[in-house]
$ cat entry-v4.pdb   # PDB, C-alpha atoms
ATOM      1  CA  GLY A   1       0.000   0.000   0.000
ATOM      2  CA  ALA A   2       0.867   3.655  -0.242
ATOM      3  CA  VAL A   3       3.143   5.062   2.462
ATOM      4  CA  VAL A   4       2.884   8.444   4.137
ATOM      5  CA  SER A   5       5.444   9.748   6.597
ATOM      6  CA  GLN A   6       5.361  12.603   9.072
ATOM      7  CA  HIS A   7       8.160  14.508  10.710
ATOM      8  CA  PRO A   8       8.712  15.032  13.531
ATOM      9  CA  SER A   9       6.891  12.286  15.386
ATOM     10  CA  TRP A  10       6.789  14.464  18.462
ATOM     11  CA  VAL A  11       7.740  18.015  19.345
ATOM     12  CA  ILE A  12       7.767  20.101  22.505
ATOM     13  CA  CYS A  13       7.898  23.865  22.190
ATOM     14  CA  LYS A  14       7.470  26.982  24.258
ATOM     15  CA  SER A  15       4.341  29.075  24.073
ATOM     16  CA  GLY A  16       4.587  31.738  21.367
ATOM     17  CA  THR A  17       6.907  29.836  19.066
ATOM     18  CA  SER A  18       6.027  28.349  15.679
ATOM     19  CA  VAL A  19       6.250  24.694  14.793
ATOM     20  CA  LYS A  20       6.365  23.111  11.337
ATOM     21  CA  ILE A  21       5.167  19.562  10.669
ATOM     22  CA  GLU A  22       5.970  17.801   7.405
ATOM     23  CA  CYS A  23       3.858  15.205   5.639
ATOM     24  CA  ARG A  24       5.346  13.236   2.756
ATOM     25  CA  SER A  25       3.954  10.664   0.368
ATOM     26  CA  LEU A  26       6.832   8.266  -0.207
ATOM     27  CA  ASP A  27       5.723   6.129  -3.127
ATOM     28  CA  PHE A  28       2.902   7.970  -4.862
ATOM     29  CA  GLN A  29       1.938  11.422  -6.022
ATOM     30  CA  ALA A  30      -0.413  13.038  -3.541
ATOM     31  CA  THR A  31      -2.714  15.384  -5.400
ATOM     32  CA  THR A  32      -4.664  16.019  -2.205
ATOM     33  CA  MET A  33      -3.496  16.079   1.384
ATOM     34  CA  PHE A  34      -5.574  16.365   4.521
ATOM     35  CA  TRP A  35      -4.676  17.546   8.014
ATOM     36  CA  TYR A  36      -6.510  16.245  11.061
ATOM     37  CA  ARG A  37      -6.287  17.026  14.738
ATOM     38  CA  GLN A  38      -7.074  14.613  17.538
ATOM     39  CA  PHE A  39      -7.487  15.624  21.152
ATOM     40  CA  PRO A  40      -7.140  13.004  23.917
ATOM     41  CA  LYS A  41      -9.974  10.501  24.020
ATOM     42  CA  GLN A  42     -11.562  12.080  20.964
ATOM     43  CA  SER A  43     -11.801  11.170  17.327
ATOM     44  CA  LEU A  44     -10.089  12.792  14.350
ATOM     45  CA  MET A  45     -11.370  16.158  13.219
ATOM     46  CA  LEU A  46     -10.544  17.436   9.759
ATOM     47  CA  MET A  47      -8.744  20.762   9.868
ATOM     48  CA  ALA A  48      -8.081  21.452   6.203
ATOM     49  CA  THR A  49      -7.796  19.988   2.732
ATOM     50  CA  SER A  50      -5.048  21.015   0.363
ATOM     51  CA  ASN A  51      -4.614  20.346  -3.321
ATOM     52  CA  GLU A  52      -1.160  20.572  -4.806
ATOM     53  CA  GLY A  53      -0.419  24.088  -5.970
ATOM     54  CA  SER A  54      -3.610  25.574  -4.513
ATOM     55  CA  LYS A  55      -4.576  27.282  -1.298
ATOM     56  CA  ALA A  56      -5.872  25.024   1.419
ATOM     57  CA  THR A  57      -9.559  24.828   2.266
ATOM     58  CA  TYR A  58     -10.088  25.143   6.005
ATOM     59  CA  GLU A  59     -12.935  23.663   7.987
ATOM     60  CA  GLN A  60     -15.221  25.916   9.944
ATOM     61  CA  GLY A  61     -13.633  27.069  13.160
ATOM     62  CA  VAL A  62     -10.029  26.462  12.072
ATOM     63  CA  GLU A  63      -7.967  29.648  11.923
ATOM     64  CA  LYS A  64      -6.129  29.748   8.620
ATOM     65  CA  ASP A  65      -3.691  32.395   9.881
ATOM     66  CA  LYS A  66      -2.733  30.211  12.803
ATOM     67  CA  PHE A  67      -2.465  26.909  10.958
ATOM     68  CA  LEU A  68      -0.545  27.611   7.781
ATOM     69  CA  ILE A  69      -0.671  24.835   5.212
ATOM     70  CA  ASN A  70       1.566  24.582   2.187
ATOM     71  CA  HIS A  71       1.290  21.907  -0.504
ATOM     72  CA  ALA A  72       3.888  23.011  -3.006
ATOM     73  CA  SER A  73       4.738  19.617  -4.462
ATOM     74  CA  LEU A  74       3.045  16.300  -5.137
ATOM     75  CA  THR A  75       4.943  14.621  -2.312
ATOM     76  CA  LEU A  76       5.102  17.212   0.454
ATOM     77  CA  SER A  77       2.685  19.225   2.545
ATOM     78  CA  THR A  78       3.564  21.218   5.630
ATOM     79  CA  LEU A  79       1.496  22.443   8.549
ATOM     80  CA  THR A  80       2.908  25.344  10.536
ATOM     81  CA  VAL A  81       1.346  26.133  13.881
ATOM     82  CA  THR A  82       2.123  29.797  14.411
ATOM     83  CA  SER A  83       2.437  31.387  17.842
ATOM     84  CA  ALA A  84       1.557  28.097  19.483
ATOM     85  CA  HIS A  85      -0.251  28.053  22.814
ATOM     86  CA  PRO A  86      -0.922  25.217  25.263
ATOM     87  CA  GLU A  87      -4.427  24.743  23.858
ATOM     88  CA  ASP A  88      -2.821  23.819  20.509
ATOM     89  CA  SER A  89      -1.276  20.760  22.138
ATOM     90  CA  SER A  90      -2.711  17.813  20.261
ATOM     91  CA  PHE A  91      -2.003  14.896  17.959
ATOM     92  CA  TYR A  92      -1.793  16.061  14.349
ATOM     93  CA  ILE A  93      -2.264  13.475  11.592
ATOM     94  CA  CYS A  94      -1.965  13.979   7.873
ATOM     95  CA  SER A  95      -3.328  11.838   5.083
ATOM     96  CA  ALA A  96      -2.897  11.809   1.343
ATOM     97  CA  SER A  97      -4.723  10.623  -1.717
ATOM     98  CA  GLY A  98      -3.644  10.689  -5.280
ATOM     99  CA  ILE A  99      -3.586   9.274  -8.742
ATOM    100  CA  GLY A 100      -4.580   5.624  -8.726
ATOM    101  CA  HIS A 101      -6.045   5.753  -5.230
ATOM    102  CA  TYR A 102      -9.620   6.541  -5.914
ATOM    103  CA  ASN A 103     -11.548   7.664  -2.858
ATOM    104  CA  GLU A 104      -8.979   6.416  -0.380
ATOM    105  CA  GLN A 105      -6.692   8.257   1.985
ATOM    106  CA  PHE A 106      -3.426   6.975   3.375
ATOM    107  CA  PHE A 107      -2.485   8.171   6.822
ATOM    108  CA  GLY A 108       0.785   9.272   8.323
ATOM    109  CA  PRO A 109       1.837   8.101  11.788
ATOM    110  CA  GLY A 110       0.989  11.418  13.432
ATOM    111  CA  THR A 111       2.868  14.145  15.282
ATOM    112  CA  ARG A 112       2.413  14.764  18.991
ATOM    113  CA  LEU A 113       2.682  18.510  19.712
ATOM    114  CA  THR A 114       3.089  19.688  23.285
ATOM    115  CA  VAL A 115       3.173  23.420  23.926
ATOM    116  CA  LEU A 116       4.521  24.429  27.324
TER
ATOM    117  CA  LYS B   1     -23.667  17.002   6.858
ATOM    118  CA  GLN B   2     -22.507  13.441   7.389
ATOM    119  CA  GLU B   3     -22.537  12.184  10.963
ATOM    120  CA  VAL B   4     -20.994   8.922  12.090
ATOM    121  CA  THR B   5     -21.873   7.212  15.360
ATOM    122  CA  GLN B   6     -20.172   4.232  16.941
ATOM    123  CA  ILE B   7     -21.527   2.074  19.706
ATOM    124  CA  PRO B   8     -20.517   0.948  22.185
ATOM    125  CA  ALA B   9     -17.992   3.586  23.218
ATOM    126  CA  ALA B  10     -16.089   0.975  25.182
ATOM    127  CA  LEU B  11     -16.141  -2.782  25.342
ATOM    128  CA  SER B  12     -14.324  -5.272  27.524
ATOM    129  CA  VAL B  13     -14.400  -8.983  26.700
ATOM    130  CA  PRO B  14     -12.520 -12.111  27.752
ATOM    131  CA  GLU B  15     -10.053 -13.608  25.323
ATOM    132  CA  GLY B  16     -11.547 -15.927  22.735
ATOM    133  CA  GLU B  17     -14.919 -14.237  22.444
ATOM    134  CA  ASN B  18     -16.418 -13.189  19.144
ATOM    135  CA  LEU B  19     -17.542  -9.587  19.141
ATOM    136  CA  VAL B  20     -19.322  -7.000  17.020
ATOM    137  CA  LEU B  21     -18.653  -3.292  16.776
ATOM    138  CA  ASN B  22     -21.316  -1.045  15.300
ATOM    139  CA  CYS B  23     -21.147   2.049  13.136
ATOM    140  CA  SER B  24     -24.012   4.096  11.765
ATOM    141  CA  PHE B  25     -24.034   7.078   9.415
ATOM    142  CA  THR B  26     -26.702   9.560   8.420
ATOM    143  CA  ASP B  27     -26.095  10.132   4.701
ATOM    144  CA  SER B  28     -26.262   6.958   2.653
ATOM    145  CA  ALA B  29     -24.661   8.567  -0.420
ATOM    146  CA  ILE B  30     -21.180   7.321   0.360
ATOM    147  CA  TYR B  31     -18.201   6.328  -1.741
ATOM    148  CA  ASN B  32     -16.839   3.868   0.761
ATOM    149  CA  LEU B  33     -16.532   3.027   4.455
ATOM    150  CA  GLN B  34     -13.322   2.207   6.227
ATOM    151  CA  TRP B  35     -12.458   0.641   9.563
ATOM    152  CA  PHE B  36      -9.255   1.660  11.320
ATOM    153  CA  ARG B  37      -7.419   0.562  14.399
ATOM    154  CA  GLN B  38      -5.596   3.029  16.623
ATOM    155  CA  ASP B  39      -3.270   2.037  19.442
ATOM    156  CA  PRO B  40      -2.687   4.541  22.277
ATOM    157  CA  GLY B  41      -0.544   7.445  21.138
ATOM    158  CA  LYS B  42      -0.188   6.018  17.650
ATOM    159  CA  GLY B  43      -1.506   6.709  14.190
ATOM    160  CA  LEU B  44      -4.168   4.848  12.256
ATOM    161  CA  THR B  45      -3.914   1.368  10.826
ATOM    162  CA  SER B  46      -6.377   0.635   8.053
ATOM    163  CA  LEU B  47      -8.171  -2.661   8.617
ATOM    164  CA  LEU B  48     -10.832  -2.917   5.944
ATOM    165  CA  LEU B  49     -12.249  -0.702   3.228
ATOM    166  CA  ILE B  50     -15.669  -1.457   1.762
ATOM    167  CA  GLN B  51     -16.639   0.217  -1.482
ATOM    168  CA  SER B  52     -20.221   1.482  -1.724
ATOM    169  CA  SER B  53     -21.027  -1.270  -4.220
ATOM    170  CA  GLN B  54     -19.845  -4.004  -1.850
ATOM    171  CA  ARG B  55     -21.660  -5.664   1.012
ATOM    172  CA  GLU B  56     -18.721  -6.977   2.999
ATOM    173  CA  GLN B  57     -14.983  -7.394   3.242
ATOM    174  CA  THR B  58     -12.930  -9.953   5.117
ATOM    175  CA  SER B  59      -9.369 -10.014   6.342
ATOM    176  CA  GLY B  60      -8.262 -12.820   8.599
ATOM    177  CA  ARG B  61     -10.384 -12.773  11.746
ATOM    178  CA  LEU B  62     -12.056  -9.544  10.728
ATOM    179  CA  ASN B  63     -15.244  -9.189   8.735
ATOM    180  CA  ALA B  64     -16.957  -5.913   7.977
ATOM    181  CA  SER B  65     -20.401  -5.521   6.466
ATOM    182  CA  LEU B  66     -22.046  -2.518   4.855
ATOM    183  CA  ASP B  67     -25.730  -1.685   4.565
ATOM    184  CA  LYS B  68     -26.219   1.737   3.030
ATOM    185  CA  SER B  69     -29.898   1.931   3.815
ATOM    186  CA  PRO B  70     -30.109   2.276   6.719
ATOM    187  CA  GLY B  71     -26.593   3.552   6.941
ATOM    188  CA  ARG B  72     -24.720   1.082   9.066
ATOM    189  CA  SER B  73     -21.697  -1.137   9.196
ATOM    190  CA  THR B  74     -20.572  -3.811  11.601
ATOM    191  CA  LEU B  75     -17.071  -5.021  12.302
ATOM    192  CA  TYR B  76     -16.970  -8.607  13.436
ATOM    193  CA  ILE B  77     -13.871  -9.843  15.257
ATOM    194  CA  ALA B  78     -13.615 -13.590  15.679
ATOM    195  CA  ALA B  79     -11.752 -15.308  18.494
ATOM    196  CA  SER B  80     -10.551 -12.092  20.075
ATOM    197  CA  GLN B  81      -7.008 -11.849  21.459
ATOM    198  CA  PRO B  82      -5.372  -9.442  23.934
ATOM    199  CA  GLY B  83      -3.441  -7.990  20.998
ATOM    200  CA  ASP B  84      -6.730  -6.827  19.534
ATOM    201  CA  SER B  85      -7.047  -4.294  22.359
ATOM    202  CA  ALA B  86      -7.160  -0.851  20.743
ATOM    203  CA  THR B  87      -9.587   1.840  19.657
ATOM    204  CA  TYR B  88     -11.509   1.000  16.493
ATOM    205  CA  LEU B  89     -12.618   3.870  14.302
ATOM    206  CA  CYS B  90     -15.189   3.815  11.553
ATOM    207  CA  ALA B  91     -14.924   6.450   8.815
ATOM    208  CA  VAL B  92     -17.175   7.249   5.885
ATOM    209  CA  TYR B  93     -16.022   8.802   2.620
ATOM    210  CA  SER B  94     -18.774  10.991   1.231
ATOM    211  CA  GLY B  95     -19.862  14.370  -0.020
ATOM    212  CA  SER B  96     -18.943  16.559  -2.948
ATOM    213  CA  ALA B  97     -15.729  17.437  -1.147
ATOM    214  CA  ARG B  98     -14.911  13.740  -0.804
ATOM    215  CA  GLN B  99     -14.076  13.916   2.858
ATOM    216  CA  LEU B 100     -13.661  11.272   5.513
ATOM    217  CA  THR B 101     -15.933  11.638   8.501
ATOM    218  CA  PHE B 102     -14.882   9.686  11.562
ATOM    219  CA  GLY B 103     -16.920   8.180  14.335
ATOM    220  CA  SER B 104     -15.863   8.654  17.934
ATOM    221  CA  GLY B 105     -14.505   5.137  18.162
ATOM    222  CA  THR B 106     -14.961   2.027  20.258
ATOM    223  CA  GLN B 107     -12.281   1.311  22.821
ATOM    224  CA  LEU B 108     -11.838  -2.452  22.967
ATOM    225  CA  THR B 109     -10.115  -4.306  25.780
ATOM    226  CA  VAL B 110      -9.577  -8.048  25.460
ATOM    227  CA  LEU B 111      -8.734  -9.585  28.793
ATOM    228  CA  PRO B 112      -6.309 -12.538  28.929
TER
END

$ encode --input "entry-v4.pdb" --output "structure tokens"
Amino acid sequence: GAVVSQHPSWVICKSGTSVKIECRSLDFQATTMFWYRQFPKQSLMLMATSNEGSKATYEQGVEKDKFLINHASLTLSTLTVTSAHPEDSSFYICSASGIGHYNEQFFGPGTRLTVL
Amino acid sequence: KQEVTQIPAALSVPEGENLVLNCSFTDSAIYNLQWFRQDPGKGLTSLLLIQSSQREQTSGRLNASLDKSPGRSTLYIAASQPGDSATYLCAVYSGSARQLTFGSGTQLTVLP
């Protein structure tokens, strides 16, 4: 199956700093990438959808100026949490779909963000 | 807007039992339904994907069924093992935006 990686797997940062999370499709071209957030004991909530070369589409309630998403190539998307605060601490998971993977998303292993 | 519900929220069974996890969804116009497993602090492992034209899928001790009307799916786990302990998530692929909507999950504990 298709493989998606995320880096870093975990990160701890101070309040007010920015953190960048990378999501890569290793063996396929990801025309669309998705970013999810998961709080403890809760399910995954879609934050935004990004198509390669286009601006991301954010879900209602997600601040686009705080969660910057870039999808500049068919194998890489990045999520930057700007001016992070403790309430941004969460598990961030990306997924990707692409050519030859009709209506299926492949998930990365997730990134645990802790903001002190 | 698609809504996905999973019951029970938690389940504890002795090793060796057969068990059923339930998932229901409100909009039957789906592309597919997928069952995932998530271990604590980890990402998602895809277990089974059922296309909208299919009725069931099987993989080893797992069998998932799909009934679009009413919108529901069941995940059947045969001869449960302690290693099956995890949270099981049901997700439905639907809508013009082709998005995955997740249920809240069933936390399964299989006791040795």

$ resolve_selection --input "entry-v4.pdb" --expression "the PyMOL selection byres ((chain B) within 7 of (chain A))" --output "PyMOL selection string"
chain B and resi 31+42-44+102-105

$ write_last_selection --input "entry-v4.pdb" --atoms "C-alpha atoms" --output "mmCIF file, in the coordinates of the input"
data_model
loop_
_atom_site.group_PDB
_atom_site.id
_atom_site.type_symbol
_atom_site.label_atom_id
_atom_site.label_comp_id
_atom_site.auth_asym_id
_atom_site.auth_seq_id
_atom_site.Cartn_x
_atom_site.Cartn_y
_atom_site.Cartn_z
ATOM 1 C CA TYR B 31 -18.201 6.328 -1.741
ATOM 2 C CA LYS B 42 -0.188 6.018 17.650
ATOM 3 C CA GLY B 43 -1.506 6.709 14.190
ATOM 4 C CA LEU B 44 -4.168 4.848 12.256
ATOM 5 C CA PHE B 102 -14.882 9.686 11.562
ATOM 6 C CA GLY B 103 -16.920 8.180 14.335
ATOM 7 C CA SER B 104 -15.863 8.654 17.934
ATOM 8 C CA GLY B 105 -14.505 5.137 18.162
#

$ resolve_selection --input "entry-v4.pdb" --expression "the PyMOL selection byres ((chain A and resi 53-67) around 12)" --output "number ranges by chain"
A: 16-21, 30-37, 45-52, 68-85, 88, 92; B: 97, 99

$ closest_residue --input "entry-v4.pdb" --among "A:Ser15, A:Glu22, A:Ile99, A:Phe28" --to "Pro86 (chain A)" --atoms "only C-alpha atoms"
A:Ser15

$ closest_residue --input "entry-v4.pdb" --among "B:Asp84, B:Thr26, B:Thr5, B:Ala79" --to "Gln107 (chain B)" --atoms "only C-alpha atoms"
B:Asp84

$ atom_distance --input "entry-v4.pdb" --atom1 "CA of Gly41 (chain B)" --atom2 "CA of His7 (chain A)"
15.3 Å

$ atom_distance --input "entry-v4.pdb" --atom1 "CA of Lys14 (chain A)" --atom2 "CA of Ala96 (chain A)"
29.4 Å

$ residues_around --input "entry-v4.pdb" --residues "Val4 (chain B)" --least-positions-apart "3" --cutoff "12 Å" --atoms "all atoms listed in the file" --output "list in words"
Ser43 and Leu44 of chain A; Lys1, Ile7, Asn22, Cys23, Ser24, Phe25, Thr26, Asp27, Ser28, Ile30, Leu33, Gln34, Gly71, Arg72, Ser73, Leu89, Cys90, Ala91, Val92, Tyr93, Ser94, Leu100, Thr101, Phe102, Gly103, Ser104 and Gly105 of chain B

$ resolve_selection --input "entry-v4.pdb" --expression "the PyMOL selection byres ((chain B and resi 109) around 6)" --output "count of residues only"
4

$ atom_distance --input "entry-v4.pdb" --atom1 "CA of Ala9 (chain B)" --atom2 "CA of Gln57 (chain B)"
23.0 Å

$ closest_residue --input "entry-v4.pdb" --among "A:Ser89, A:Trp10, A:Gly98, A:Phe39" --to "Leu116 (chain A)" --atoms "all atoms listed in the file"
A:Ser89

$ residues_around --input "entry-v4.pdb" --residues "Arg61 (chain B)" --least-positions-apart "6" --cutoff "9 Å" --atoms "all atoms listed in the file" --output "mmCIF file with C-alpha atoms, in the coordinates of the input"
data_model
loop_
_atom_site.group_PDB
_atom_site.id
_atom_site.type_symbol
_atom_site.label_atom_id
_atom_site.label_comp_id
_atom_site.auth_asym_id
_atom_site.auth_seq_id
_atom_site.Cartn_x
_atom_site.Cartn_y
_atom_site.Cartn_z
ATOM 1 C CA TYR B 76 -16.970 -8.607 13.436
ATOM 2 C CA ILE B 77 -13.871 -9.843 15.257
ATOM 3 C CA ALA B 78 -13.615 -13.590 15.679
ATOM 4 C CA ALA B 79 -11.752 -15.308 18.494
ATOM 5 C CA SER B 80 -10.551 -12.092 20.075
#

$ residues_around --input "entry-v4.pdb" --residues "Ser65 (chain B)" --least-positions-apart "4" --cutoff "8 Å" --atoms "only C-alpha atoms" --output "PDB file with C-alpha atoms, in the coordinates of the input"
ATOM      1  CA  ILE B  50     -15.669  -1.457   1.762  1.00  0.00           C
ATOM      2  CA  ARG B  55     -21.660  -5.664   1.012  1.00  0.00           C
ATOM      3  CA  GLU B  56     -18.721  -6.977   2.999  1.00  0.00           C
ATOM      4  CA  GLN B  57     -14.983  -7.394   3.242  1.00  0.00           C
ATOM      5  CA  SER B  73     -21.697  -1.137   9.196  1.00  0.00           C
ATOM      6  CA  THR B  74     -20.572  -3.811  11.601  1.00  0.00           C
ATOM      7  CA  LEU B  75     -17.071  -5.021  12.302  1.00  0.00           C
TER       8      LEU B  75
END

$ residues_near_point --input "entry-v4.pdb" --point "(7.2, 17.1, 25.9)" --cutoff "7 Å" --atoms "all atoms listed in the file" --output "ChimeraX atom specification"
/A:11-12,114

$ build_atoms --input "entry-v4.pdb" --residues "region 55-87 of chain B" --atoms "N, CA and C atoms" --output "PDB file, in the coordinates of the input"
ATOM      1  N   ARG B  55     -20.871  -5.392  -0.186  1.00  0.00           N
ATOM      2  CA  ARG B  55     -21.660  -5.664   1.012  1.00  0.00           C
ATOM      3  C   ARG B  55     -20.781  -6.036   2.189  1.00  0.00           C
ATOM      4  N   GLU B  56     -19.601  -6.615   1.908  1.00  0.00           N
ATOM      5  CA  GLU B  56     -18.721  -6.977   2.999  1.00  0.00           C
ATOM      6  C   GLU B  56     -17.298  -7.157   2.510  1.00  0.00           C
ATOM      7  N   GLN B  57     -16.389  -7.137   3.493  1.00  0.00           N
ATOM      8  CA  GLN B  57     -14.983  -7.394   3.242  1.00  0.00           C
ATOM      9  C   GLN B  57     -14.453  -8.214   4.401  1.00  0.00           C
ATOM     10  N   THR B  58     -13.498  -9.078   4.090  1.00  0.00           N
ATOM     11  CA  THR B  58     -12.930  -9.953   5.117  1.00  0.00           C
ATOM     12  C   THR B  58     -11.417  -9.891   5.048  1.00  0.00           C
ATOM     13  N   SER B  59     -10.816  -9.915   6.253  1.00  0.00           N
ATOM     14  CA  SER B  59      -9.369 -10.014   6.342  1.00  0.00           C
ATOM     15  C   SER B  59      -9.033 -10.776   7.611  1.00  0.00           C
ATOM     16  N   GLY B  60      -8.597 -11.999   7.437  1.00  0.00           N
ATOM     17  CA  GLY B  60      -8.262 -12.820   8.599  1.00  0.00           C
ATOM     18  C   GLY B  60      -9.455 -13.017   9.515  1.00  0.00           C
ATOM     19  N   ARG B  61      -9.283 -12.613  10.771  1.00  0.00           N
ATOM     20  CA  ARG B  61     -10.384 -12.773  11.746  1.00  0.00           C
ATOM     21  C   ARG B  61     -11.386 -11.638  11.713  1.00  0.00           C
ATOM     22  N   LEU B  62     -11.188 -10.711  10.814  1.00  0.00           N
ATOM     23  CA  LEU B  62     -12.056  -9.544  10.728  1.00  0.00           C
ATOM     24  C   LEU B  62     -13.010  -9.654   9.540  1.00  0.00           C
ATOM     25  N   ASN B  63     -14.259  -9.260   9.808  1.00  0.00           N
ATOM     26  CA  ASN B  63     -15.244  -9.189   8.735  1.00  0.00           C
ATOM     27  C   ASN B  63     -16.057  -7.934   8.944  1.00  0.00           C
ATOM     28  N   ALA B  64     -16.167  -7.130   7.892  1.00  0.00           N
ATOM     29  CA  ALA B  64     -16.957  -5.913   7.977  1.00  0.00           C
ATOM     30  C   ALA B  64     -18.076  -5.969   6.950  1.00  0.00           C
ATOM     31  N   SER B  65     -19.253  -5.565   7.367  1.00  0.00           N
ATOM     32  CA  SER B  65     -20.401  -5.521   6.466  1.00  0.00           C
ATOM     33  C   SER B  65     -20.843  -4.085   6.262  1.00  0.00           C
ATOM     34  N   LEU B  66     -21.543  -3.853   5.171  1.00  0.00           N
ATOM     35  CA  LEU B  66     -22.046  -2.518   4.855  1.00  0.00           C
ATOM     36  C   LEU B  66     -23.472  -2.614   4.366  1.00  0.00           C
ATOM     37  N   ASP B  67     -24.338  -1.815   4.992  1.00  0.00           N
ATOM     38  CA  ASP B  67     -25.730  -1.685   4.565  1.00  0.00           C
ATOM     39  C   ASP B  67     -25.988  -0.188   4.444  1.00  0.00           C
ATOM     40  N   LYS B  68     -26.105   0.290   3.215  1.00  0.00           N
ATOM     41  CA  LYS B  68     -26.219   1.737   3.030  1.00  0.00           C
ATOM     42  C   LYS B  68     -27.563   2.301   3.431  1.00  0.00           C
ATOM     43  N   SER B  69     -28.585   1.449   3.428  1.00  0.00           N
ATOM     44  CA  SER B  69     -29.898   1.931   3.815  1.00  0.00           C
ATOM     45  C   SER B  69     -30.557   0.895   4.710  1.00  0.00           C
ATOM     46  N   PRO B  70     -30.621   1.105   6.011  1.00  0.00           N
ATOM     47  CA  PRO B  70     -30.109   2.276   6.719  1.00  0.00           C
ATOM     48  C   PRO B  70     -28.593   2.299   6.749  1.00  0.00           C
ATOM     49  N   GLY B  71     -28.041   3.433   6.969  1.00  0.00           N
ATOM     50  CA  GLY B  71     -26.593   3.552   6.941  1.00  0.00           C
ATOM     51  C   GLY B  71     -25.944   2.904   8.144  1.00  0.00           C
ATOM     52  N   ARG B  72     -25.379   1.736   7.949  1.00  0.00           N
ATOM     53  CA  ARG B  72     -24.720   1.082   9.066  1.00  0.00           C
ATOM     54  C   ARG B  72     -23.684   0.092   8.573  1.00  0.00           C
ATOM     55  N   SER B  73     -22.724  -0.147   9.453  1.00  0.00           N
ATOM     56  CA  SER B  73     -21.697  -1.137   9.196  1.00  0.00           C
ATOM     57  C   SER B  73     -21.387  -1.829  10.508  1.00  0.00           C
ATOM     58  N   THR B  74     -21.022  -3.086  10.416  1.00  0.00           N
ATOM     59  CA  THR B  74     -20.572  -3.811  11.601  1.00  0.00           C
ATOM     60  C   THR B  74     -19.201  -4.394  11.329  1.00  0.00           C
ATOM     61  N   LEU B  75     -18.373  -4.377  12.356  1.00  0.00           N
ATOM     62  CA  LEU B  75     -17.071  -5.021  12.302  1.00  0.00           C
ATOM     63  C   LEU B  75     -17.112  -6.211  13.240  1.00  0.00           C
ATOM     64  N   TYR B  76     -16.936  -7.366  12.676  1.00  0.00           N
ATOM     65  CA  TYR B  76     -16.970  -8.607  13.436  1.00  0.00           C
ATOM     66  C   TYR B  76     -15.543  -9.093  13.651  1.00  0.00           C
ATOM     67  N   ILE B  77     -15.200  -9.323  14.922  1.00  0.00           N
ATOM     68  CA  ILE B  77     -13.871  -9.843  15.257  1.00  0.00           C
ATOM     69  C   ILE B  77     -14.050 -11.226  15.851  1.00  0.00           C
ATOM     70  N   ALA B  78     -13.489 -12.212  15.210  1.00  0.00           N
ATOM     71  CA  ALA B  78     -13.615 -13.590  15.679  1.00  0.00           C
ATOM     72  C   ALA B  78     -12.459 -13.948  16.603  1.00  0.00           C
ATOM     73  N   ALA B  79     -12.776 -14.761  17.580  1.00  0.00           N
ATOM     74  CA  ALA B  79     -11.752 -15.308  18.494  1.00  0.00           C
ATOM     75  C   ALA B  79     -10.793 -14.220  18.965  1.00  0.00           C
ATOM     76  N   SER B  80     -11.329 -13.257  19.672  1.00  0.00           N
ATOM     77  CA  SER B  80     -10.551 -12.092  20.075  1.00  0.00           C
ATOM     78  C   SER B  80      -9.321 -12.473  20.898  1.00  0.00           C
ATOM     79  N   GLN B  81      -8.284 -11.636  20.763  1.00  0.00           N
ATOM     80  CA  GLN B  81      -7.008 -11.849  21.459  1.00  0.00           C
ATOM     81  C   GLN B  81      -6.608 -10.567  22.179  1.00  0.00           C
ATOM     82  N   PRO B  82      -5.810 -10.670  23.236  1.00  0.00           N
ATOM     83  CA  PRO B  82      -5.372  -9.442  23.934  1.00  0.00           C
ATOM     84  C   PRO B  82      -4.720  -8.425  23.001  1.00  0.00           C
ATOM     85  N   GLY B  83      -4.058  -8.891  21.963  1.00  0.00           N
ATOM     86  CA  GLY B  83      -3.441  -7.990  20.998  1.00  0.00           C
ATOM     87  C   GLY B  83      -4.432  -7.208  20.170  1.00  0.00           C
ATOM     88  N   ASP B  84      -5.690  -7.582  20.247  1.00  0.00           N
ATOM     89  CA  ASP B  84      -6.730  -6.827  19.534  1.00  0.00           C
ATOM     90  C   ASP B  84      -7.146  -5.582  20.308  1.00  0.00           C
ATOM     91  N   SER B  85      -6.690  -5.446  21.537  1.00  0.00           N
ATOM     92  CA  SER B  85      -7.047  -4.294  22.359  1.00  0.00           C
ATOM     93  C   SER B  85      -6.543  -3.014  21.701  1.00  0.00           C
ATOM     94  N   ALA B  86      -7.460  -2.106  21.443  1.00  0.00           N
ATOM     95  CA  ALA B  86      -7.160  -0.851  20.743  1.00  0.00           C
ATOM     96  C   ALA B  86      -8.466  -0.084  20.606  1.00  0.00           C
ATOM     97  N   THR B  87      -8.384   1.102  20.013  1.00  0.00           N
ATOM     98  CA  THR B  87      -9.587   1.840  19.657  1.00  0.00           C
ATOM     99  C   THR B  87      -9.866   1.610  18.177  1.00  0.00           C
TER     100      THR B  87
END
